[in-house]
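Reading through the structure tokens given below for one structure.
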Amino acid sequence: MNQRHTEFFGPDLARGPFAASRIETAAVQIATALAQLRAPVGRSDADLKAHADLIRELADRLAPDYAAFVSLSVGPEISNNIQTSFRTALTGYSLFHCWLADDYGGGETSTAPNSVTWNSGIVLAEITAKKRYFVITNASGVADVTVNDGGARTWFWAVARHGRVNYSSSLFFS
């Protein structure tokens with residue numbers, strides 16, 4: 001009789017993770033197996049999202065050349081300014097292709113804000129004035145930008161990294 005323990009809701013760790021032929025897939029599979037050490041996970045949405053973030057961070061550490069996720073944090077409007085931070089899961093310099101979009105999933109906006117100021121990171125190229133940029137993060141993997149506009153408008157930051165596009169929550173100017 002086989003005395004191995006079988007995991008009904010995850011991989012059987014007695015056999016080890018299955019390594020796919022694509023490194024990014026293998027990294028996620030191995031990270032998922034490692035993340036089971038944290039089990040049990042709570043059932044709340046926040047607990048599940050935190051667990052998924054842990055898996056993504058572990059996968060990014062296992063295969064950093066394939067890490068495409070960018071975390072975007074949008075601050076509140078203060079004196080017609082909204083600050084947004086772009087962060088990778090790993091430290092190190094990264095190249096971002098960024099643009100302001102009119103809607104989630106959209107291309108470059110047709111209306112530019114009054115000003116766009118990059119607080120951290122280096123602007124490699126401003127492709128379209130106050131709308132579209134190539135930006136290199138600082139050594140911590142962070143770029144920070146402030147958008148200023150006096151009108152009642154809504155934009156989203158779009159950030160492309162390794163062919164994947166991430167969108168921020170809305171930059172809502174009232």
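Labels for the structure tokens follow display order: chains A, B, ..., residues from 1 in each chain, ligands from 1.
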Counting only C-alpha atoms, which residues in region 50-138 of chain A sit no more than 9 Å from region 19-29 of chain A? For each one, give the nearest pair of atoms and the distance in Å, sorted by chain then residue number, as CSV.
residue,atom,partner,partner_atom,distance
A:Ile55,CA,A:Val28,CA,7.0
A:Arg56,CA,A:Val28,CA,7.0
A:Leu58,CA,A:Val28,CA,7.8
A:Ala59,CA,A:Ala27,CA,4.8
A:Asp60,CA,A:Ala27,CA,7.6
A:Arg61,CA,A:Ala27,CA,8.6
A:Leu62,CA,A:Ala27,CA,5.9
A:Ala63,CA,A:Ala27,CA,6.2
A:Tyr66,CA,A:Glu24,CA,6.2
A:Ala67,CA,A:Glu24,CA,8.1
Would you put the residues from that selection into a file with N, CA and C atoms, as a compact mmCIF listing (two decimals), in the first residue's frame?
# COMPACT_ATOMS: atom_id res chain seq x y z
N ILE A 55 2.39 34.01 -4.42
CA ILE A 55 2.76 33.09 -5.50
C ILE A 55 3.43 33.86 -6.63
N ARG A 56 2.85 35.00 -7.01
CA ARG A 56 3.44 35.81 -8.10
C ARG A 56 4.82 36.32 -7.71
N LEU A 58 6.94 34.96 -5.54
CA LEU A 58 7.87 33.82 -5.56
C LEU A 58 8.25 33.45 -6.99
N ALA A 59 7.27 33.43 -7.89
CA ALA A 59 7.55 33.11 -9.30
C ALA A 59 8.48 34.15 -9.91
N ASP A 60 8.27 35.42 -9.57
CA ASP A 60 9.15 36.48 -10.09
C ASP A 60 10.57 36.31 -9.56
N ARG A 61 10.72 35.85 -8.33
CA ARG A 61 12.06 35.61 -7.78
C ARG A 61 12.73 34.40 -8.42
N LEU A 62 11.94 33.38 -8.76
CA LEU A 62 12.49 32.19 -9.39
C LEU A 62 12.92 32.45 -10.83
N ALA A 63 12.20 33.31 -11.54
CA ALA A 63 12.51 33.60 -12.95
C ALA A 63 12.42 35.11 -13.18
N TYR A 66 11.64 36.90 -16.52
CA TYR A 66 10.30 36.75 -17.08
C TYR A 66 9.25 37.45 -16.23
N ALA A 67 9.65 38.14 -15.19
CA ALA A 67 8.71 38.82 -14.30
C ALA A 67 8.10 40.01 -15.01
- Task: Identify all residues of region 45-91 of chain A in strand (DSSP E or B) (DSSP on the backbone) and supply them as a PyMOL selection string.
- Result: chain A and resi 70-74+78+81-88
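Nearest residue to Ser174 (chain A) among A:Ala158, A:Ile78, A:Ala125, A:Ala52 is A:Ile78, counting only C-alpha atoms.
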- Query: Any idea what's packed within 9 Å of region 149-153 of chain A, counting only C-alpha atoms, ignoring anything in its chain fewer than 2 positions away? Could you give it as a list in words?
  - Reply: Ser79, Asn80, Asn81, Ile82, Asp102, Ala112, Pro113, Asn114, Ser115, Val147, Trp155, Leu171, Phe172, Phe173 and Ser174 of chain A
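Shortest atom-to-atom contact with Phe156 (chain A) among A:Glu108, A:Glu57, A:Glu126, A:Glu77: A:Glu108, counting only C-alpha atoms.
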- From the DSSP assignment of the backbone, select every residue of region 12-134 of chain A that is helix (DSSP H, G or I), and format the answer as a VMD selection string. chain A and resid 23 to 38 45 to 62 64 to 66
- Query: Neighbours of Ser85 (chain A) within 9 Å (only C-alpha atoms; same-chain residues fewer than 4 positions away dropped), as a ChimeraX atom specification?
  - Reply: /A:71-75,142-146
- Message: Which residue is closest to Phe69 (chain A)? Choose from A:Lys130, A:Arg43, A:Arg38, A:His162 and count only C-alpha atoms.
- Response: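 Closest to Phe69 (chain A), using only C-alpha atoms: A:His162.
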- Task: Provide the CA of Trp99 (chain A) to CA of Leu54 (chain A) distance in Å, to one decimal place.
- Result: 27.7 Å
- Query: Skipping near chain neighbours, those fewer than 2 positions away, what residues fall within 8 Å of Val70 (chain A) using only C-alpha atoms, listed as an MDAnalysis selection string?
  - Reply: chainID A and resid 68 72 86:89 159 161 166
Please produce a file of the residues just selected, as a CSV table (one decimal), in the first residue's frame, where the atoms kept are N, CA, C and O atoms.
chain,number,residue,atom,x,y,z
A,68,ALA,N,6.8,40.0,-15.2
A,68,ALA,CA,6.1,41.0,-16.0
A,68,ALA,C,5.2,41.9,-15.1
A,68,ALA,O,4.7,42.9,-15.6
A,72,LEU,N,0.6,49.1,-9.3
A,72,LEU,CA,0.3,50.5,-9.5
A,72,LEU,C,-0.5,51.0,-8.3
A,72,LEU,O,-1.5,50.4,-8.0
A,86,PHE,N,4.7,53.2,-9.5
A,86,PHE,CA,4.8,51.9,-10.3
A,86,PHE,C,5.9,51.1,-9.6
A,86,PHE,O,7.0,51.6,-9.4
A,87,ARG,N,5.6,49.9,-9.3
A,87,ARG,CA,6.6,49.1,-8.6
A,87,ARG,C,6.6,47.6,-9.1
A,87,ARG,O,5.6,47.0,-9.3
A,88,THR,N,7.9,47.1,-9.3
A,88,THR,CA,8.0,45.7,-9.7
A,88,THR,C,8.2,44.9,-8.4
A,88,THR,O,8.5,45.5,-7.3
A,89,ALA,N,8.0,43.6,-8.5
A,89,ALA,CA,8.1,42.8,-7.3
A,89,ALA,C,9.6,42.6,-6.9
A,89,ALA,O,9.8,42.3,-5.7
A,159,VAL,N,0.9,50.6,-18.2
A,159,VAL,CA,2.3,50.3,-18.1
A,159,VAL,C,2.5,48.9,-18.8
A,159,VAL,O,2.0,47.9,-18.4
A,161,ARG,N,5.2,46.0,-19.8
A,161,ARG,CA,6.5,45.4,-19.4
A,161,ARG,C,6.5,44.0,-19.9
A,161,ARG,O,5.6,43.2,-19.6
A,166,ASN,N,-0.4,46.5,-17.8
A,166,ASN,CA,-1.2,46.6,-16.5
A,166,ASN,C,-1.8,48.0,-16.5
A,166,ASN,O,-1.1,49.0,-16.9
Skip Val41 (chain A) itself and residues of its chain fewer than 4 positions away, then list as an mmCIF file with N, CA and C atoms, in the first residue's frame all residues within 10 Å of it, counting only C-alpha atoms.
data_model
loop_
_atom_site.group_PDB
_atom_site.id
_atom_site.type_symbol
_atom_site.label_atom_id
_atom_site.label_comp_id
_atom_site.auth_asym_id
_atom_site.auth_seq_id
_atom_site.Cartn_x
_atom_site.Cartn_y
_atom_site.Cartn_z
ATOM 1 N N ALA A 35 4.200 27.919 -1.958
ATOM 2 C CA ALA A 35 3.210 28.718 -1.226
ATOM 3 C C ALA A 35 2.293 27.850 -0.380
ATOM 4 N N GLN A 36 2.210 26.550 -0.684
ATOM 5 C CA GLN A 36 1.372 25.672 0.136
ATOM 6 C C GLN A 36 1.911 25.530 1.547
ATOM 7 N N ASP A 47 -7.502 37.563 1.846
ATOM 8 C CA ASP A 47 -6.545 36.479 2.099
ATOM 9 C C ASP A 47 -6.166 35.758 0.817
ATOM 10 N N LEU A 48 -7.147 35.518 -0.055
ATOM 11 C CA LEU A 48 -6.860 34.848 -1.328
ATOM 12 C C LEU A 48 -5.985 35.713 -2.231
ATOM 13 N N ALA A 50 -3.881 38.042 -1.221
ATOM 14 C CA ALA A 50 -2.541 38.080 -0.615
ATOM 15 C C ALA A 50 -1.777 36.801 -0.944
ATOM 16 N N HIS A 51 -2.461 35.665 -0.936
ATOM 17 C CA HIS A 51 -1.826 34.392 -1.272
ATOM 18 C C HIS A 51 -1.410 34.367 -2.747
#
- Task: Could you give me, as a list of chain:residue names, the residues within 8 Å of Ala160 (chain A), counting only C-alpha atoms and dropping anything in the same chain fewer than 5 positions from it?
- Result: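 After dropping sequence-adjacent residues, the list is A:Phe96, A:His97, A:Cys98, A:Val165, A:Asn166.
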Can I get the selected residues back with N, CA and C atoms, as a JSON list (two decimals), in the first residue's frame?
[["chain", "number", "residue", "atom", "x", "y", "z"],
["A", 96, "PHE", "N", 9.89, 50.56, -18.44],
["A", 96, "PHE", "CA", 8.43, 50.62, -18.56],
["A", 96, "PHE", "C", 8.06, 51.46, -19.77],
["A", 97, "HIS", "N", 7.06, 51.03, -20.49],
["A", 97, "HIS", "CA", 6.43, 51.83, -21.53],
["A", 97, "HIS", "C", 5.11, 52.28, -20.92],
["A", 98, "CYS", "N", 4.96, 53.58, -20.65],
["A", 98, "CYS", "CA", 3.81, 54.11, -19.91],
["A", 98, "CYS", "C", 3.02, 55.09, -20.77],
["A", 165, "VAL", "N", 0.41, 44.38, -20.39],
["A", 165, "VAL", "CA", -0.02, 45.74, -20.03],
["A", 165, "VAL", "C", -0.82, 45.67, -18.73],
["A", 166, "ASN", "N", -0.45, 46.51, -17.78],
["A", 166, "ASN", "CA", -1.18, 46.65, -16.51],
["A", 166, "ASN", "C", -1.78, 48.05, -16.47]]
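Nearest to Ala31 (chain A) of all the residues A:Ala46, A:Ser140, A:Gly107, A:Asp53 is A:Asp53, based on only C-alpha atoms.
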